[in-house]
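Colleague: Below is one structure. I have some questions about it.
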Number of protein chains: 2
Amino acid sequence: MNASRAPVRQSSVRAHNLALVLQTVANSADRPSRAAIAGATGLTRATVSALVDDLIAGGLLIELDPAPRTGAGRPAAGLALASQGPAGLGLEINVDYQAACVVDLTGAVRHRFVARRDQRLLSPGTALAELGDLAVQARAAAEADGLVLAGAALAVPGLVAADGLVRVAPNLGWLDVRVPDLAGLPVTVDNEANLAALGELRADGAEPTFLYVSGEIGIGAGIVLDGGLYRGGRGWSGEIGHVTVFPDGRPCRCGANGCLEQYAGQEAVAADPDLAASALGIALSAVVNLLDIGVVVLGGAYAPEFDRLRPGIEAELHRRVLTADLAPVTLRPAALGSEAAMRGAADAVIRSVREDPAGWLAQAV
Amino acid sequence: MNASRAPVRQSSVRAHNLALVLQTVANSADRPSRAAIAGATGLTRATVSALVDDLIAGGLLIELDPAPRTGAGRPAAGLALASQGPAGLGLEINVDYQAACVVDLTGAVRHRFVARRDQRLLSPGTALAELGDLAVQARAAAEADGLVLAGAALAVPGLVAADGLVRVAPNLGWLDVRVPDLAGLPVTVDNEANLAALGELRADGAEPTFLYVSGEIGIGAGIVLDGGLYRGGRGWSGEIGHVTVFPDGRPCRCGANGCLEQYAGQEAVAADPDLAASALGIALSAVVNLLDIGVVVLGGAYAPEFDRLRPGIEAELHRRVLTADLAPVTLRPAALGSEAAMRGAADAVIRSVREDPAGWLAQAV
């Protein structure tokens, strides 16, 4: 029994240490040497060297020539994440466009594809077939660069069950849609505002607690509390687009009246930006009164409209948030702009490789 | 250095084990024997006996005679929480009443005092002086029973800073009020809906995730996620009373228009219960759309009005919650009824004794 246990423990220690070394390189401001990694992790230099060799062989790290000599002694070679190894395919389907991007292990966007077309005119099968074409293009572009897609993730504007079934996406007209493999890859499906919020959380200088609001034709939100996404009891939190702002107001596709979406969706913003800002301010005041969140990030189609929307939103927050005088709410545009959901999707794939390089190496062999 | 460390570690082990034994008794359906506690905790019988003796001497446990013999052998004596030892003083100040209760270590309410008077007519100093009189009565009643007050906690309808300063309680007209010692005891201050939600969480059969709504003249909420209270970035979550339901509606004391409080506060419920239920339903729909919470508990003055309010609330939830058809929301009245906040306050004191009996024993000596 001990004999059969030992290898399992050793391989699990190796998996842990591979991830530790990879994350140490990823989080370094400069290109650390093997010795610097040993110092930072507490692993021996021999262990670090063996792990680094495996990560280089698997296409996850590269070793760069030392910088030109500036002082005494021979500088050590530096390690960096490979930009030519595994990559993530990020997909997004929204009401009036489909999009795909390829993000490499360093987090750089290598390719973007956008197809603008009103998805409401398409059946789910047709929409997914068109998305499949976009995914095939993205895969070809990635492979032409020598990249290998480690996986695909799709952002949808709707309620997604834990097993990836899209239960309902009101603005697409989808009900219980199962997403097939696209471009030969299994696809992880998640709500677009959740993915965008996770993307934003990992952007430079992000706060640990904020509300991310994604404004497209529909409006969703991702609630980030203490560095983690709050998904709710069934994974369906953040439906700010269906928060009532005018109880007897405009009818919504969901069957209710006066939903935020009818006043601050992308089309409504274009038609009457002042009313949109005011409606957003009313709904955001509810969020702040309920959750005491001090930072609101506006993303999706709101990002380029930020300066135009800000005064109207702030006026409502000032008027309607009980604690406005004690602790003002900070509004800012999304760092990733309107690409946050698709980038968040690709990032989810990249993160899974970074967190489990052993899994990638086993599969790549 | 080792010599000075050892006693600290021993005393910390003893403190841990005292709490473990006390909790084991508290969580037992019947009266466990010393042997049963040893079995449940993994401690030796000798250790358990020494700890039990200390807990009995400190007034935290009692040992009861064995039940009459029903079979062969001599039944062991059983242990139970002492009802004559430490007790908690729970205090509440709300818009139209003050209340105090004494709760013993078993969780039983031993005394209740309520003084109905509109607090809005009083200065904070006068209100707190009157609350002090109530606390003195409660302390005298507790001591006449042979109880010793282990502490006092106060529930207030307002925003409380981490250091206990009441920053603002709009319906009391309080601004930056510091609560003094009452009846000779330092007082822990917390938001009334938070304390009520914690009280409700520990009631039998409570769910780990729910929204507690406390309806008095003002309305507050406690958000319980996965068995813990979500307090928000600055401790000011749950201000559902100031969620906008009718943007251009009735002016509120907070300076905004159309706050829930103006339509579903206690006075508004009496004047127009149908409108109150509808307004509550609109605000609760926002909470469920944002947080995906499946259970809403109505407490405070809502508890006795539950059957009257329910249909109107449910109609709005059904209409306005995006996931209403996928996963209905359960509404129920608070198990502790309108006493939840004051009970929650007393319970907070009792819990601190249960979690740190060593602290109590050191102080009682």
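So you can find residues: chains in the structure tokens are A, B, ... in the order shown, residues in each start at 1, and ligands are numbered from 1 in order.
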I want to know what sits within 6 Å of stretch 169-175 of chain B, based on only C-alpha atoms, with residues of the same chain fewer than 6 positions away left out; could you give that as a PyMOL selection string?
Modeller: chain B and resi 95+120+157-158
Colleague: Could you please take those selected residues and save C-alpha atoms as an mmCIF file, in the first residue's frame?
Modeller:
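Below is the file that was written, part.cif:
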```cif
data_model
loop_
_atom_site.group_PDB
_atom_site.id
_atom_site.type_symbol
_atom_site.label_atom_id
_atom_site.label_comp_id
_atom_site.auth_asym_id
_atom_site.auth_seq_id
_atom_site.Cartn_x
_atom_site.Cartn_y
_atom_site.Cartn_z
ATOM 1 C CA VAL B 95 -38.133 54.341 16.285
ATOM 2 C CA ARG B 120 -37.899 60.724 17.383
ATOM 3 C CA PRO B 157 -31.539 51.020 13.199
ATOM 4 C CA GLY B 158 -28.593 52.753 11.582
#
```
Colleague: Which of stretch 57-296 of chain B end up as strand (DSSP E) when DSSP is run on this backbone - answer as a ChimeraX atom specification?
Modeller: /B:61-64,78-81,86-94,97-104,109-116,148-156,159-160,166-169,174-177,187-191,210-215,219-225,228-230,295-296
Colleague: Neighbouring residues of A:Cys254 were defined as those with any atom within 12 Å, considering only C-alpha atoms; residues of the same chain fewer than 4 positions away were excluded. Please report them as a count of residues only.
Modeller: 27
Colleague: Could you list the residues in chain B lying within 9 Å of chain A, using only C-alpha atoms, and format the result as a ChimeraX atom specification?
Modeller: /B:159,167-168,209,221,223,225-226,230-247,254-257,259,282-283,285-294,319-323,326-327
Colleague: Keeping only C-alpha atoms, write those residues as a PDB file, in the first residue's frame.
Modeller:
```
ATOM      1  CA  LEU B 159     -25.056  52.668  10.264  1.00  0.00           C
ATOM      2  CA  ARG B 167     -22.587  57.207  12.379  1.00  0.00           C
ATOM      3  CA  VAL B 168     -26.156  57.869  11.333  1.00  0.00           C
ATOM      4  CA  THR B 209     -28.071  31.694   2.632  1.00  0.00           C
ATOM      5  CA  ALA B 221     -31.775  43.913   5.855  1.00  0.00           C
ATOM      6  CA  ILE B 223     -27.547  39.448   4.027  1.00  0.00           C
ATOM      7  CA  LEU B 225     -24.311  34.126   2.565  1.00  0.00           C
ATOM      8  CA  ASP B 226     -23.085  30.577   3.176  1.00  0.00           C
ATOM      9  CA  TYR B 230     -22.110  39.803   4.567  1.00  0.00           C
ATOM     10  CA  ARG B 231     -21.371  43.214   6.063  1.00  0.00           C
ATOM     11  CA  GLY B 232     -19.985  45.000   3.000  1.00  0.00           C
ATOM     12  CA  GLY B 233     -16.866  47.064   2.507  1.00  0.00           C
ATOM     13  CA  ARG B 234     -17.492  49.393   5.438  1.00  0.00           C
ATOM     14  CA  GLY B 235     -20.048  47.357   7.367  1.00  0.00           C
ATOM     15  CA  TRP B 236     -22.979  49.235   5.864  1.00  0.00           C
ATOM     16  CA  SER B 237     -24.647  46.651   3.690  1.00  0.00           C
ATOM     17  CA  GLY B 238     -28.360  45.860   3.789  1.00  0.00           C
ATOM     18  CA  GLU B 239     -29.840  49.360   3.516  1.00  0.00           C
ATOM     19  CA  ILE B 240     -32.846  48.016   1.622  1.00  0.00           C
ATOM     20  CA  GLY B 241     -35.067  50.715   3.137  1.00  0.00           C
ATOM     21  CA  HIS B 242     -33.347  53.215   0.857  1.00  0.00           C
ATOM     22  CA  VAL B 243     -33.577  51.200  -2.332  1.00  0.00           C
ATOM     23  CA  THR B 244     -35.583  53.289  -4.794  1.00  0.00           C
ATOM     24  CA  VAL B 245     -38.930  51.790  -5.761  1.00  0.00           C
ATOM     25  CA  PHE B 246     -40.628  54.837  -7.286  1.00  0.00           C
ATOM     26  CA  PRO B 247     -37.926  57.257  -8.542  1.00  0.00           C
ATOM     27  CA  CYS B 254     -32.613  60.533   3.834  1.00  0.00           C
ATOM     28  CA  GLY B 255     -33.097  63.224   1.180  1.00  0.00           C
ATOM     29  CA  ALA B 256     -33.990  60.946  -1.747  1.00  0.00           C
ATOM     30  CA  ASN B 257     -37.380  60.240  -3.265  1.00  0.00           C
ATOM     31  CA  CYS B 259     -37.311  54.925  -0.999  1.00  0.00           C
ATOM     32  CA  ILE B 282     -40.181  45.399  -6.262  1.00  0.00           C
ATOM     33  CA  ALA B 283     -37.220  45.907  -3.906  1.00  0.00           C
ATOM     34  CA  SER B 285     -36.913  41.408  -6.836  1.00  0.00           C
ATOM     35  CA  ALA B 286     -33.874  43.675  -7.175  1.00  0.00           C
ATOM     36  CA  VAL B 287     -32.129  41.748  -4.392  1.00  0.00           C
ATOM     37  CA  VAL B 288     -32.871  38.363  -5.963  1.00  0.00           C
ATOM     38  CA  ASN B 289     -31.886  39.529  -9.461  1.00  0.00           C
ATOM     39  CA  LEU B 290     -28.596  40.861  -8.092  1.00  0.00           C
ATOM     40  CA  LEU B 291     -27.688  38.199  -5.530  1.00  0.00           C
ATOM     41  CA  ASP B 292     -29.542  35.043  -6.613  1.00  0.00           C
ATOM     42  CA  ILE B 293     -30.758  34.441  -3.060  1.00  0.00           C
ATOM     43  CA  GLY B 294     -33.507  31.822  -2.808  1.00  0.00           C
ATOM     44  CA  ARG B 319     -43.196  39.122 -12.452  1.00  0.00           C
ATOM     45  CA  ARG B 320     -39.810  40.770 -11.908  1.00  0.00           C
ATOM     46  CA  VAL B 321     -37.290  38.067 -10.998  1.00  0.00           C
ATOM     47  CA  LEU B 322     -35.608  36.831 -14.166  1.00  0.00           C
ATOM     48  CA  THR B 323     -35.129  33.316 -12.765  1.00  0.00           C
ATOM     49  CA  LEU B 326     -36.327  28.328 -12.983  1.00  0.00           C
ATOM     50  CA  ALA B 327     -36.086  28.554  -9.218  1.00  0.00           C
TER      51      ALA B 327
END
```
Colleague: Please provide the set of residues having any atom within 7 Å of B:Ile217, restricted to only C-alpha atoms, with same-chain residues fewer than 6 positions apart removed, written as a PyMOL selection string.
Modeller: chain B and resi 95+265-267
Colleague: With N, CA, C and O atoms retained, write the just-selected residues as a compact mmCIF listing (two decimals), in the first residue's frame.
Modeller:
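Result saved to again_24.txt:
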```txt
# COMPACT_ATOMS: atom_id res chain seq x y z
N VAL B 95 -37.51 53.03 16.41
CA VAL B 95 -38.13 54.34 16.28
C VAL B 95 -39.24 54.55 17.30
O VAL B 95 -39.37 55.62 17.88
N GLY B 265 -42.60 50.94 5.20
CA GLY B 265 -42.33 51.07 6.63
C GLY B 265 -43.61 50.76 7.40
O GLY B 265 -44.69 50.68 6.83
N GLN B 266 -43.46 50.56 8.71
CA GLN B 266 -44.57 50.10 9.53
C GLN B 266 -45.83 50.97 9.40
O GLN B 266 -46.94 50.46 9.30
N GLU B 267 -45.62 52.28 9.35
CA GLU B 267 -46.78 53.18 9.25
C GLU B 267 -47.43 53.06 7.88
O GLU B 267 -48.66 53.09 7.77
```
Colleague: Could I get the residues of stretch 83-132 of chain B with an atom no further than 12 Å from an atom of stretch 22-40 of chain B, each paired with its nearest atom pair and that distance in Å to one decimal, using only C-alpha atoms, sorted by chain and residue number, as a tab-separated table?
Modeller:
```
residue	atom	partner	partner_atom	distance
B:Ser83	CA	B:Ala26	CA	12.0
B:Leu105	CA	B:Ala26	CA	9.3
B:Thr106	CA	B:Ala26	CA	7.8
B:Gly107	CA	B:Ala26	CA	10.0
```
Colleague: Selection from above, N, CA, C and O atoms, as a PDB file, in the first residue's frame, can you write it?
Modeller:
```pdb
ATOM      1  N   SER B  83     -28.475  26.965  33.473  1.00  0.00           N
ATOM      2  CA  SER B  83     -29.416  28.060  33.253  1.00  0.00           C
ATOM      3  C   SER B  83     -29.289  29.107  34.360  1.00  0.00           C
ATOM      4  O   SER B  83     -29.993  30.104  34.364  1.00  0.00           O
ATOM      5  N   LEU B 105     -27.647  30.988  29.369  1.00  0.00           N
ATOM      6  CA  LEU B 105     -26.694  30.244  28.551  1.00  0.00           C
ATOM      7  C   LEU B 105     -27.364  29.175  27.691  1.00  0.00           C
ATOM      8  O   LEU B 105     -26.840  28.794  26.637  1.00  0.00           O
ATOM      9  N   THR B 106     -28.533  28.718  28.112  1.00  0.00           N
ATOM     10  CA  THR B 106     -29.253  27.709  27.323  1.00  0.00           C
ATOM     11  C   THR B 106     -29.984  28.338  26.143  1.00  0.00           C
ATOM     12  O   THR B 106     -30.567  27.642  25.320  1.00  0.00           O
ATOM     13  N   GLY B 107     -30.007  29.684  26.065  1.00  0.00           N
ATOM     14  CA  GLY B 107     -30.713  30.368  24.990  1.00  0.00           C
ATOM     15  C   GLY B 107     -32.138  30.758  25.362  1.00  0.00           C
ATOM     16  O   GLY B 107     -32.849  31.348  24.555  1.00  0.00           O
TER      17      GLY B 107
END
```
Colleague: Find the spatial neighbours of A:Leu201, counting only C-alpha atoms, within a cut-off of 12 Å - ignore same-chain residues fewer than 2 positions away - and output them as a PDB file with N, CA and C atoms, in the first residue's frame.
Modeller:
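Below you can see selection.pdb, which holds the result:
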```pdb
ATOM      1  N   ALA A 193     -20.887  38.778 -18.163  1.00  0.00           N
ATOM      2  CA  ALA A 193     -20.492  39.781 -17.165  1.00  0.00           C
ATOM      3  C   ALA A 193     -19.564  39.156 -16.123  1.00  0.00           C
ATOM      4  N   ASN A 194     -19.806  37.888 -15.798  1.00  0.00           N
ATOM      5  CA  ASN A 194     -18.912  37.199 -14.858  1.00  0.00           C
ATOM      6  C   ASN A 194     -17.502  37.090 -15.433  1.00  0.00           C
ATOM      7  N   LEU A 195     -17.402  36.669 -16.686  1.00  0.00           N
ATOM      8  CA  LEU A 195     -16.080  36.537 -17.307  1.00  0.00           C
ATOM      9  C   LEU A 195     -15.396  37.898 -17.423  1.00  0.00           C
ATOM     10  N   ALA A 196     -16.177  38.913 -17.783  1.00  0.00           N
ATOM     11  CA  ALA A 196     -15.593  40.249 -17.915  1.00  0.00           C
ATOM     12  C   ALA A 196     -15.108  40.753 -16.551  1.00  0.00           C
ATOM     13  N   ALA A 197     -15.890  40.485 -15.509  1.00  0.00           N
ATOM     14  CA  ALA A 197     -15.484  40.929 -14.165  1.00  0.00           C
ATOM     15  C   ALA A 197     -14.200  40.224 -13.742  1.00  0.00           C
ATOM     16  N   LEU A 198     -14.091  38.939 -14.055  1.00  0.00           N
ATOM     17  CA  LEU A 198     -12.861  38.199 -13.723  1.00  0.00           C
ATOM     18  C   LEU A 198     -11.677  38.747 -14.517  1.00  0.00           C
ATOM     19  N   GLY A 199     -11.921  39.080 -15.796  1.00  0.00           N
ATOM     20  CA  GLY A 199     -10.867  39.695 -16.595  1.00  0.00           C
ATOM     21  C   GLY A 199     -10.412  41.000 -15.968  1.00  0.00           C
ATOM     22  N   ALA A 203      -6.816  42.667 -14.180  1.00  0.00           N
ATOM     23  CA  ALA A 203      -6.129  43.795 -14.828  1.00  0.00           C
ATOM     24  C   ALA A 203      -5.303  44.528 -13.768  1.00  0.00           C
ATOM     25  N   ASP A 204      -4.317  45.243 -14.216  1.00  0.00           N
ATOM     26  CA  ASP A 204      -3.418  45.926 -13.279  1.00  0.00           C
ATOM     27  C   ASP A 204      -4.178  46.895 -12.379  1.00  0.00           C
ATOM     28  N   GLY A 205      -3.860  46.845 -11.100  1.00  0.00           N
ATOM     29  CA  GLY A 205      -4.386  47.836 -10.166  1.00  0.00           C
ATOM     30  C   GLY A 205      -5.840  47.676  -9.804  1.00  0.00           C
ATOM     31  N   ALA A 206      -6.436  46.512 -10.097  1.00  0.00           N
ATOM     32  CA  ALA A 206      -7.849  46.316  -9.790  1.00  0.00           C
ATOM     33  C   ALA A 206      -8.048  46.208  -8.280  1.00  0.00           C
ATOM     34  N   GLU A 207      -9.196  46.716  -7.802  1.00  0.00           N
ATOM     35  CA  GLU A 207      -9.574  46.620  -6.393  1.00  0.00           C
ATOM     36  C   GLU A 207     -10.071  45.200  -6.122  1.00  0.00           C
ATOM     37  N   PRO A 208     -10.025  44.745  -4.863  1.00  0.00           N
ATOM     38  CA  PRO A 208     -10.529  43.392  -4.575  1.00  0.00           C
ATOM     39  C   PRO A 208     -12.052  43.315  -4.531  1.00  0.00           C
ATOM     40  N   THR A 209     -12.729  44.455  -4.353  1.00  0.00           N
ATOM     41  CA  THR A 209     -14.190  44.458  -4.265  1.00  0.00           C
ATOM     42  C   THR A 209     -14.738  45.524  -5.205  1.00  0.00           C
ATOM     43  N   PHE A 210     -15.532  45.102  -6.175  1.00  0.00           N
ATOM     44  CA  PHE A 210     -16.161  46.070  -7.080  1.00  0.00           C
ATOM     45  C   PHE A 210     -17.350  45.434  -7.780  1.00  0.00           C
ATOM     46  N   LEU A 211     -18.174  46.291  -8.346  1.00  0.00           N
ATOM     47  CA  LEU A 211     -19.249  45.821  -9.209  1.00  0.00           C
ATOM     48  C   LEU A 211     -18.857  46.121 -10.637  1.00  0.00           C
ATOM     49  N   TYR A 212     -18.859  45.103 -11.485  1.00  0.00           N
ATOM     50  CA  TYR A 212     -18.596  45.301 -12.909  1.00  0.00           C
ATOM     51  C   TYR A 212     -19.934  45.293 -13.636  1.00  0.00           C
ATOM     52  N   GLY A 222     -21.112  41.645 -12.830  1.00  0.00           N
ATOM     53  CA  GLY A 222     -20.318  40.669 -12.088  1.00  0.00           C
ATOM     54  C   GLY A 222     -19.984  41.294 -10.744  1.00  0.00           C
ATOM     55  N   ILE A 223     -20.281  40.577  -9.668  1.00  0.00           N
ATOM     56  CA  ILE A 223     -20.068  41.100  -8.318  1.00  0.00           C
ATOM     57  C   ILE A 223     -18.785  40.484  -7.777  1.00  0.00           C
ATOM     58  N   VAL A 224     -17.757  41.297  -7.591  1.00  0.00           N
ATOM     59  CA  VAL A 224     -16.474  40.792  -7.091  1.00  0.00           C
ATOM     60  C   VAL A 224     -16.310  41.248  -5.640  1.00  0.00           C
ATOM     61  N   LEU A 225     -16.273  40.282  -4.736  1.00  0.00           N
ATOM     62  CA  LEU A 225     -16.153  40.562  -3.302  1.00  0.00           C
ATOM     63  C   LEU A 225     -14.846  39.970  -2.798  1.00  0.00           C
ATOM     64  N   ASP A 226     -14.001  40.794  -2.197  1.00  0.00           N
ATOM     65  CA  ASP A 226     -12.746  40.310  -1.604  1.00  0.00           C
ATOM     66  C   ASP A 226     -11.951  39.430  -2.570  1.00  0.00           C
ATOM     67  N   GLY A 227     -11.852  39.852  -3.812  1.00  0.00           N
ATOM     68  CA  GLY A 227     -11.009  39.146  -4.775  1.00  0.00           C
ATOM     69  C   GLY A 227     -11.627  37.918  -5.406  1.00  0.00           C
ATOM     70  N   GLY A 228     -12.900  37.647  -5.115  1.00  0.00           N
ATOM     71  CA  GLY A 228     -13.558  36.482  -5.721  1.00  0.00           C
ATOM     72  C   GLY A 228     -14.896  36.876  -6.328  1.00  0.00           C
ATOM     73  N   LEU A 229     -15.305  36.127  -7.347  1.00  0.00           N
ATOM     74  CA  LEU A 229     -16.598  36.395  -7.976  1.00  0.00           C
ATOM     75  C   LEU A 229     -17.715  35.815  -7.122  1.00  0.00           C
ATOM     76  N   VAL A 297     -17.395  49.614 -11.886  1.00  0.00           N
ATOM     77  CA  VAL A 297     -16.644  49.628 -13.147  1.00  0.00           C
ATOM     78  C   VAL A 297     -17.631  49.468 -14.296  1.00  0.00           C
ATOM     79  N   ALA A 334     -14.064  50.370 -17.608  1.00  0.00           N
ATOM     80  CA  ALA A 334     -13.333  49.097 -17.564  1.00  0.00           C
ATOM     81  C   ALA A 334     -11.966  49.259 -18.214  1.00  0.00           C
ATOM     82  N   ALA A 335     -10.948  48.706 -17.550  1.00  0.00           N
ATOM     83  CA  ALA A 335      -9.589  48.795 -18.092  1.00  0.00           C
ATOM     84  C   ALA A 335      -9.496  48.057 -19.428  1.00  0.00           C
ATOM     85  N   LEU A 336     -10.245  46.997 -19.579  1.00  0.00           N
ATOM     86  CA  LEU A 336     -10.198  46.209 -20.814  1.00  0.00           C
ATOM     87  C   LEU A 336     -11.225  46.681 -21.847  1.00  0.00           C
ATOM     88  N   ALA A 340     -13.713  43.142 -22.619  1.00  0.00           N
ATOM     89  CA  ALA A 340     -13.455  42.464 -21.345  1.00  0.00           C
ATOM     90  C   ALA A 340     -14.001  41.026 -21.307  1.00  0.00           C
ATOM     91  N   ALA A 341     -15.193  40.798 -21.842  1.00  0.00           N
ATOM     92  CA  ALA A 341     -15.803  39.459 -21.733  1.00  0.00           C
ATOM     93  C   ALA A 341     -15.004  38.430 -22.530  1.00  0.00           C
ATOM     94  N   ARG A 343     -11.906  38.707 -23.564  1.00  0.00           N
ATOM     95  CA  ARG A 343     -10.585  38.588 -22.946  1.00  0.00           C
ATOM     96  C   ARG A 343     -10.664  37.757 -21.666  1.00  0.00           C
ATOM     97  N   GLY A 344     -11.742  37.965 -20.897  1.00  0.00           N
ATOM     98  CA  GLY A 344     -11.932  37.180 -19.677  1.00  0.00           C
ATOM     99  C   GLY A 344     -12.077  35.704 -19.994  1.00  0.00           C
ATOM    100  N   ASP A 347      -8.706  34.406 -20.987  1.00  0.00           N
ATOM    101  CA  ASP A 347      -7.903  34.423 -19.777  1.00  0.00           C
ATOM    102  C   ASP A 347      -8.215  33.225 -18.886  1.00  0.00           C
ATOM    103  N   ALA A 348      -9.483  32.798 -18.860  1.00  0.00           N
ATOM    104  CA  ALA A 348      -9.864  31.637 -18.049  1.00  0.00           C
ATOM    105  C   ALA A 348      -9.118  30.386 -18.529  1.00  0.00           C
TER     106      ALA A 348
END
```
Colleague: For A:Ala270, which residue out of A:Ala99, A:Leu309, A:Asn17, A:Pro251 is the nearest one, using only C-alpha atoms?
Modeller: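 Using only C-alpha atoms, the shortest distance to A:Ala270 belongs to A:Leu309.
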Colleague: Neighbours of A:Val102 within 7 Å (only C-alpha atoms; same-chain residues fewer than 2 positions away dropped), as a count of residues only?
Modeller: 12
Colleague: Based on DSSP run over this structure's backbone, return all residues of stretch 135-166 of chain A in alpha helix (DSSP H), as a ChimeraX atom specification.
Modeller: /A:135-144
Colleague: Report, in Å to a single decimal, how far apart atom CA of B:Thr188 and atom CA of B:Leu122 are.
Modeller: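 Atom CA of B:Thr188 lies 21.8 Å from atom CA of B:Leu122.
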